[in-house]
file upload00.cif (mmCIF, C-alpha atoms)
data_my_file
#
loop_
_atom_site.label_atom_id
_atom_site.label_comp_id
_atom_site.auth_asym_id
_atom_site.auth_seq_id
_atom_site.Cartn_x
_atom_site.Cartn_y
_atom_site.Cartn_z
CA SER A 26 0.00 0.00 0.00
CA SER A 27 2.92 2.34 0.70
CA HIS A 28 4.17 1.65 -2.84
CA PHE A 29 0.81 2.65 -4.41
CA GLY A 30 0.61 5.69 -2.15
CA SER A 31 4.02 6.98 -3.24
CA ALA A 32 3.14 6.42 -6.93
CA SER A 33 -0.09 8.34 -6.51
CA GLN A 34 1.76 11.22 -4.82
CA ALA A 35 4.31 11.30 -7.67
CA ARG A 36 1.54 11.49 -10.29
CA LEU A 37 -0.15 14.33 -8.41
CA ALA A 38 3.13 16.24 -8.13
CA ALA A 39 3.86 15.82 -11.84
CA SER A 40 0.34 16.91 -12.78
CA SER A 41 0.62 19.98 -10.57
CA LEU A 42 3.99 20.91 -12.09
CA LEU A 43 2.68 20.60 -15.67
CA SER A 44 -0.39 22.68 -14.81
CA SER A 45 1.73 25.46 -13.35
CA LEU A 46 4.07 25.48 -16.36
CA HIS A 47 1.15 25.52 -18.78
CA ALA A 48 -0.58 28.37 -16.96
CA SER A 49 2.59 30.46 -16.81
CA SER A 50 3.36 30.13 -20.56
CA PRO A 51 3.04 33.35 -22.63
CA ALA A 52 0.58 31.72 -25.03
CA MET A 53 -1.87 30.93 -22.24
CA GLN A 54 -1.42 34.31 -20.59
CA ALA A 55 -2.15 36.06 -23.89
CA GLY A 56 -5.27 34.00 -24.53
CA GLN A 57 -6.32 33.08 -28.03
CA TYR A 58 -4.30 33.82 -31.16
CA THR A 59 -5.08 37.36 -32.36
CA GLY A 60 -2.61 37.86 -35.18
CA ASN A 61 -0.70 40.59 -33.33
CA GLU A 62 2.09 38.20 -32.44
CA PHE A 63 3.89 39.00 -35.71
CA LYS A 64 3.01 42.68 -36.01
CA ASP A 65 6.63 43.74 -35.51
CA LEU A 66 7.86 41.70 -38.49
CA LYS A 67 8.67 43.88 -41.49
CA PRO A 68 7.40 42.68 -44.90
CA SER A 69 10.08 41.51 -47.30
CA GLY A 70 10.28 42.05 -51.04
CA PRO A 71 9.59 45.08 -53.22
CA SER A 72 7.20 47.80 -52.12
CA SER A 73 3.71 48.30 -53.52
CA ALA A 74 4.90 51.26 -55.59
CA ALA A 75 7.69 49.14 -57.11
CA LYS A 76 5.23 46.36 -57.95
CA ALA A 77 2.83 48.84 -59.57
CA GLY A 78 5.69 50.40 -61.55
CA LEU A 79 6.91 47.03 -62.80
CA PHE A 80 3.37 46.03 -63.77
CA CYS A 81 2.85 49.27 -65.75
CA PHE A 82 6.24 48.83 -67.43
CA PHE A 83 5.41 45.26 -68.43
CA VAL A 84 1.98 46.22 -69.81
CA LEU A 85 3.51 49.17 -71.70
CA THR A 86 6.21 47.05 -73.33
CA ARG A 87 3.73 44.33 -74.29
CA ALA A 88 1.46 46.94 -75.87
CA LEU A 89 4.20 48.88 -77.64
CA HIS A 90 6.21 46.19 -79.38
CA PRO A 91 3.40 44.95 -81.71
CA THR A 92 2.69 48.60 -82.54
CA ILE A 93 6.35 49.18 -83.43
CA ILE A 94 6.44 46.04 -85.57
CA ASP A 95 3.28 47.13 -87.36
CA ALA A 96 4.72 50.63 -87.92
CA SER A 97 7.84 49.09 -89.51
CA LYS A 98 5.82 47.60 -92.36
CA THR A 99 6.31 49.07 -95.81
CA LEU A 100 3.96 49.29 -98.78
CA ASP A 101 4.66 46.87 -101.63
CA PRO A 102 4.12 48.81 -104.89
CA GLU A 103 3.36 45.62 -106.84
CA THR A 104 0.66 44.17 -104.59
CA GLY A 105 -0.42 47.36 -102.84
CA LYS A 106 -0.24 45.63 -99.44
CA ARG A 107 1.81 46.50 -96.39
CA GLY A 108 4.31 43.91 -95.26
CA ILE A 109 7.55 43.33 -93.38
CA ALA A 110 10.54 44.05 -95.61
CA TYR A 111 13.11 42.30 -93.39
CA SER A 112 13.66 38.68 -92.42
CA ASN A 113 11.70 37.34 -89.45
CA MET A 114 14.69 35.30 -88.26
CA SER A 115 16.96 38.35 -88.17
CA VAL A 116 14.72 39.93 -85.53
CA VAL A 117 14.62 36.73 -83.46
CA LEU A 118 18.40 36.26 -83.58
CA GLY A 119 19.01 39.91 -82.68
CA GLU A 120 16.63 39.67 -79.73
CA CYS A 121 18.21 36.43 -78.46
CA VAL A 122 21.74 37.88 -78.61
CA PHE A 123 20.67 41.08 -76.85
CA THR A 124 18.72 39.19 -74.16
CA LEU A 125 21.64 36.84 -73.49
CA MET A 126 24.14 39.68 -73.17
CA ALA A 127 21.83 41.79 -70.99
CA ALA A 128 21.04 38.86 -68.68
CA CYS A 129 24.74 38.00 -68.22
CA LEU A 130 25.61 41.63 -67.46
CA MET A 131 22.78 41.89 -64.92
CA ALA A 132 23.83 38.63 -63.25
CA LEU A 133 27.45 39.81 -63.12
CA ALA A 134 26.44 43.15 -61.61
CA LEU A 135 24.13 41.65 -58.99
CA GLY A 136 26.00 38.49 -57.96
CA GLY A 137 29.40 38.49 -59.62
CA MET A 138 30.99 35.34 -60.98
CA LYS A 139 29.10 33.24 -58.43
CA GLU A 140 25.84 34.16 -60.17
CA ILE A 141 27.37 33.44 -63.59
CA ARG A 142 28.40 29.97 -62.41
CA LEU A 143 24.83 29.33 -61.25
CA ILE A 144 23.58 30.24 -64.72
CA LEU A 145 26.07 27.85 -66.34
CA ASP A 146 25.16 24.97 -64.02
CA PRO A 147 24.47 21.98 -66.34
CA LYS A 148 21.22 21.00 -64.61
CA ALA A 149 19.71 24.49 -64.83
CA LEU A 150 21.19 25.15 -68.26
CA LYS A 151 19.56 22.04 -69.69
CA VAL A 152 16.10 23.04 -68.46
CA PHE A 153 16.12 26.75 -69.22
CA SER A 154 17.90 26.41 -72.56
CA GLY A 155 14.97 24.32 -73.78
CA ILE A 156 12.52 26.92 -72.48
CA GLY A 157 14.56 29.64 -74.19
CA LEU A 158 14.43 27.79 -77.51
CA MET A 159 10.65 27.57 -77.23
CA TYR A 160 10.49 31.30 -76.48
CA ALA A 161 12.53 31.94 -79.64
CA LEU A 162 10.08 29.82 -81.61
CA GLY A 163 7.24 31.90 -80.18
CA ASP A 164 8.98 35.10 -81.26
CA TYR A 165 9.35 33.76 -84.80
CA LEU A 166 5.66 32.85 -84.90
CA GLU A 167 4.87 36.34 -83.65
CA MET A 168 6.79 37.94 -86.51
CA ALA A 169 5.13 35.58 -89.01
CA SER A 170 1.67 36.45 -87.71
CA MET A 171 2.39 40.18 -87.66
CA GLY A 172 3.26 39.94 -91.35
CA ALA A 173 -0.33 38.95 -92.13
CA LEU A 174 -2.28 40.78 -89.42
CA SER A 175 -2.58 44.36 -88.27
CA GLY A 176 -1.29 45.37 -84.86
CA ALA A 177 -4.80 45.77 -83.44
CA ALA A 178 -5.96 42.35 -84.65
CA TYR A 179 -2.81 40.74 -83.27
CA GLN A 180 -3.34 42.36 -79.85
CA VAL A 181 -6.93 41.13 -79.67
CA LEU A 182 -6.03 37.58 -80.68
CA LEU A 183 -3.16 37.61 -78.23
CA GLN A 184 -5.66 37.72 -75.37
CA SER A 185 -6.43 34.07 -76.08
CA LYS A 186 -3.42 33.38 -73.87
CA LEU A 187 -5.74 33.83 -70.87
CA VAL A 188 -7.73 30.72 -71.79
CA ILE A 189 -4.74 28.70 -72.95
CA THR A 190 -2.74 29.55 -69.81
CA ALA A 191 -5.68 28.54 -67.60
CA LEU A 192 -5.95 25.18 -69.40
CA MET A 193 -2.21 24.54 -69.15
CA LEU A 194 -2.12 25.44 -65.46
CA TRP A 195 -4.97 23.01 -64.91
CA TYR A 196 -3.13 20.22 -66.76
CA VAL A 197 0.47 20.84 -65.59
CA LYS A 198 0.02 22.14 -62.04
CA GLY A 199 -3.55 21.13 -61.21
CA ALA A 200 -4.60 24.77 -60.60
CA LYS A 201 -8.32 25.00 -61.37
CA GLN A 202 -10.31 28.14 -62.14
CA ALA A 203 -13.61 29.15 -60.57
CA SER A 204 -16.81 29.11 -62.64
CA LEU A 205 -16.87 32.92 -62.77
CA GLN A 206 -13.31 32.96 -64.10
CA TRP A 207 -14.19 30.46 -66.83
CA ASN A 208 -17.20 32.60 -67.82
CA LEU A 209 -14.98 35.66 -68.17
CA LEU A 210 -12.44 33.75 -70.24
CA VAL A 211 -15.14 32.44 -72.57
CA LEU A 212 -16.55 35.97 -73.01
CA ILE A 213 -13.08 37.20 -73.97
CA MET A 214 -12.78 34.43 -76.56
CA LEU A 215 -16.18 35.29 -78.00
CA SER A 216 -15.30 38.98 -78.20
CA MET A 217 -12.16 38.08 -80.18
CA CYS A 218 -14.23 36.05 -82.64
CA VAL A 219 -16.69 38.92 -83.08
CA TYR A 220 -13.83 41.36 -83.67
CA MET A 221 -12.21 39.16 -86.31
CA ILE A 222 -15.51 38.52 -88.12
CA GLY A 223 -16.38 42.21 -88.10
CA GLY A 224 -12.91 43.16 -89.28
CA SER A 225 -13.02 40.67 -92.11
CA LYS A 226 -16.27 42.13 -93.45
CA SER A 227 -14.90 45.68 -93.49
CA GLY A 228 -11.45 44.73 -94.85
CA SER A 229 -10.33 44.28 -98.38
CA GLY A 230 -11.63 41.14 -100.04
CA GLY A 231 -13.57 40.14 -96.92
CA ALA A 232 -11.18 37.24 -96.18
CA ILE A 233 -9.84 36.34 -92.76
CA PRO A 234 -6.04 35.82 -92.83
CA LEU A 235 -6.25 32.26 -91.56
CA MET A 236 -2.51 31.70 -91.64
CA GLY A 237 -1.97 34.79 -89.49
CA VAL A 238 -4.62 33.65 -87.00
CA PHE A 239 -3.08 30.17 -86.91
CA ASN A 240 0.39 31.62 -86.24
CA VAL A 241 -0.98 33.76 -83.41
CA LEU A 242 -2.62 30.76 -81.76
CA LEU A 243 0.59 28.74 -82.12
CA LYS A 244 2.62 31.62 -80.68
CA VAL A 245 0.23 31.94 -77.73
CA THR A 246 0.36 28.18 -77.08
CA VAL A 247 4.17 28.12 -77.12
CA SER A 248 4.44 31.23 -74.92
CA CYS A 249 1.94 29.91 -72.38
CA LEU A 250 3.72 26.55 -72.22
CA CYS A 251 7.04 28.34 -71.64
CA ALA A 252 5.51 30.52 -68.90
CA VAL A 253 3.99 27.52 -67.09
CA LEU A 254 7.21 25.49 -67.33
CA ALA A 255 9.34 28.46 -66.17
CA ASP A 256 7.01 28.99 -63.20
CA LYS A 257 7.18 25.29 -62.36
CA TYR A 258 10.98 24.92 -62.51
CA MET A 259 11.85 28.28 -60.93
CA LYS A 260 9.79 27.35 -57.86
CA ASP A 261 11.23 23.81 -57.54
#
call {"tool": "encode", "arguments": {"input": "upload00.cif", "output": "structure tokens"}}
result
Amino acid sequence: SSHFGSASQARLAASSLLSSLHASSPAMQAGQYTGNEFKDLKPSGPSSAAKAGLFCFFVLTRALHPTIIDASKTLDPETGKRGIAYSNMSVVLGECVFTLMAACLMALALGGMKEIRLILDPKALKVFSGIGLMYALGDYLEMASMGALSGAAYQVLLQSKLVITALMLWYVKGAKQASLQWNLLVLIMLSMCVYMIGGSKSGSGGAIPLMGVFNVLLKVTVSCLCAVLADKYMKD
């Protein structure tokens, strides 16, 4: 009986000690979680103004470059149609060389040779070189489509990337869209069809440049695939 009495006293002492420790903890003294526990932590990353500036810069560049390509077209005196007088591949090669040089200079300025070695890592180089080649293919398709379409028509058809990106995110990453989002995407697709049909009736000959439309859709598909793959591998 003395053995059971001492065991009972030990359990009571341990229970009392745990209760006192639990009651004296800061979490119990503060009560329930209010969210103020992390109020002193400063947010990391760029500021809201920097994010807004980068967003406006990105939208401006995406809107300007088809306009510049369309303005570079010249009138063919034999056919009477405006077209691109230079080679599509020359633009793509020039852009790739400039992008490669600019990216290496930025990496060197921000991280030195250590950053350059990370870029030349065989594992990363194998993945992102393939993505870069697909981006170059998308640029070529863009130039080919701009040769047959006006800048405004190209910009409208380019919005099909919203639907294609949503489908690819669903397939590759399993990210589903809400029903309201799908309705908005379908309305955008319908508005593009109405624009192209209306433009074909008011244009010369009343024919839709099917090859230009096909090149735009191919360009959008390639660009969306590159964006989804880049997002996937840069976050791994």
call {"tool": "closest_residue", "arguments": {"input": "upload00.cif", "among": "A:Lys148, A:His90, A:Lys198, A:Lys98", "to": "A:Tyr179", "atoms": "all atoms listed in the file"}}
result
A:His90
call {"tool": "atom_distance", "arguments": {"input": "upload00.cif", "atom1": "atom CA of A:Val253", "atom2": "atom CA of A:Gly163"}}
result
14.2 Å
call {"tool": "closest_residue", "arguments": {"input": "upload00.cif", "among": "A:Ala200, A:Met171, A:Ala252, A:Ala149", "to": "A:Val238", "atoms": "all atoms listed in the file"}}
result
A:Met171
call {"tool": "atom_distance", "arguments": {"input": "upload00.cif", "atom1": "atom CA of A:Ile189", "atom2": "atom CA of A:Thr86"}}
result
21.4 Å
call {"tool": "atom_distance", "arguments": {"input": "upload00.cif", "atom1": "atom CA of A:Leu235", "atom2": "atom CA of A:Leu192"}}
result
23.3 Å
call {"tool": "closest_residue", "arguments": {"input": "upload00.cif", "among": "A:Met131, A:Met159, A:Ala75, A:Val122", "to": "A:Ala255", "atoms": "only C-alpha atoms"}}
result
A:Met159
call {"tool": "closest_residue", "arguments": {"input": "upload00.cif", "among": "A:Phe123, A:Tyr160, A:Phe82, A:Tyr165", "to": "A:Val241", "atoms": "only C-alpha atoms"}}
result
A:Tyr165
call {"tool": "resolve_selection", "arguments": {"input": "upload00.cif", "expression": "the PyMOL selection byres ((chain A and resi 258) around 12)", "output": "list of chain:residue names"}}
result
A:Lys148, A:Ala149, A:Leu150, A:Lys151, A:Val152, A:Phe153, A:Gly155, A:Ile156, A:Val197, A:Lys198, A:Cys251, A:Ala252, A:Val253, A:Leu254, A:Ala255, A:Asp256, A:Lys257, A:Met259, A:Lys260, A:Asp261
